[in-house]
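Right, one structure below, let's go through it.
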Amino acid sequence: DGDEIDPREIMPYAWNRLEQRAASGQSYDTRAFKKFLVAATKMSADTNNARMMEYLSQHNNSKYTGDQYFKQSENEEETVDESFSWNEETMSQALRRMQYAVRGEVVMRADQLAAQGREILYTNIGNPHQVGQKPISYYRQVLALCDLPAEQGVDHPNVFDMFPKDVVEIAREYREIIGPSGTGAYTNSQGVVGLREHVAEYIQTRDGYPAYPGNIFLTNGASSAIAMVLQGLLASNSDAIMIPIPQYPIYSALI
């Protein structure tokens, strides 16, 4: 049927190795086949991977398709060719193909110009402190009081001389929510329950719809949240994601 997919097009590297070994009259025992599966699934599933296909066409024999990793028999001594250390061809091809414009060629060229003494105004990423914006002191003060031992922070006799009253009050509330283990201990995988309750209350007040702490995940910034969602959605190489253009570069980098 016309909808059938040729497996050779999905994983050209793996099929190349199978065909090369078959052409040479070699077979796989169980141990060798398991090793083949591990190696093959690490390679590119992209049929447009020109560098990989060029490599295969130039090294059209079993010596250069990784077969030196597989023993033909249980008694044969196993050797490893130095050419198969971790490199551009053996690494994850998805990682090698990844492009992250925020840190890409334009920024690298800008760094070169800056090193030559040119004045560069970087607008490739939201980085306000780099261009002179002063940090917002409120958040840093609250964090400081949450991190400091109580006797040096929220319970210090002169704490109100060092910090504004509202900062001290919210820091005490957060410390109570976090508990005696403090900010240095692991939390629930979704984040501190009490803080998620605050978030749920805010969402419900703002939107007028119920919000539940169990449905809320606190992450280390937006990028890690985006990564978690996309990693959960992309189950196989046949999945696709629609993203806006222009887009936040982490979308294309992760996909």
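FYI, nothing fancy with the structure tokens labels: chains A, B, ... in order, residues from 1 per chain, ligands from 1 as they appear.
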
_Could you go through region 195-244 of chain A and tell me which residues DSSP, when run on the backbone, assigns to helix (DSSP H, G or I), listing them as a count of residues only?_
28

*Compile the contact shell of Thr187 (chain A) as a list in words: residues with an atom at most 12 Å away, counting only C-alpha atoms, same-chain residues fewer than 5 positions apart removed.*
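So, after excluding close chain neighbours, the residues are Ile177, Ile178, Gly179, Ser181, Gly182, Val192, Val193, Gly194, Leu195, Arg196, Phe217, Leu218 and Thr219 of chain A.
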
With N, CA and C atoms retained, export the selected residues as a short mmCIF file (atom, residue, chain, number, x, y, z; two decimals), in the first residue's frame.
data_model
loop_
_atom_site.label_atom_id
_atom_site.label_comp_id
_atom_site.auth_asym_id
_atom_site.auth_seq_id
_atom_site.Cartn_x
_atom_site.Cartn_y
_atom_site.Cartn_z
N ILE A 177 6.51 27.62 54.91
CA ILE A 177 5.99 26.72 53.88
C ILE A 177 7.03 25.68 53.48
N ILE A 178 8.27 26.13 53.31
CA ILE A 178 9.34 25.24 52.87
C ILE A 178 9.66 24.19 53.93
N GLY A 179 9.60 24.60 55.19
CA GLY A 179 9.85 23.67 56.28
C GLY A 179 11.26 23.74 56.82
N SER A 181 13.80 21.87 56.66
CA SER A 181 14.93 21.43 55.82
C SER A 181 15.52 22.57 55.02
N GLY A 182 14.76 23.64 54.86
CA GLY A 182 15.29 24.82 54.19
C GLY A 182 15.38 24.69 52.68
N VAL A 192 7.40 22.90 45.74
CA VAL A 192 6.87 22.97 47.11
C VAL A 192 5.35 23.10 47.08
N VAL A 193 4.65 22.23 47.83
CA VAL A 193 3.18 22.19 47.78
C VAL A 193 2.58 23.52 48.18
N GLY A 194 3.06 24.13 49.24
CA GLY A 194 2.49 25.40 49.69
C GLY A 194 2.60 26.50 48.66
N LEU A 195 3.71 26.52 47.94
CA LEU A 195 3.87 27.53 46.89
C LEU A 195 2.95 27.24 45.71
N ARG A 196 2.73 25.97 45.41
CA ARG A 196 1.80 25.63 44.34
C ARG A 196 0.37 25.99 44.73
N PHE A 217 3.09 22.58 38.02
CA PHE A 217 4.51 22.24 38.12
C PHE A 217 5.32 23.53 38.19
N LEU A 218 6.14 23.64 39.22
CA LEU A 218 7.06 24.77 39.33
C LEU A 218 8.40 24.36 38.72
N THR A 219 8.91 25.18 37.81
CA THR A 219 10.15 24.83 37.11
C THR A 219 11.19 25.93 37.27
#

*Distance query region 133-144 of chain A at most 12 Å, only C-alpha atoms, self and fewer than 5 positions along chain excluded, as a ChimeraX atom specification*: /A:126-128,149-150,152-154,159,162-175,182-183
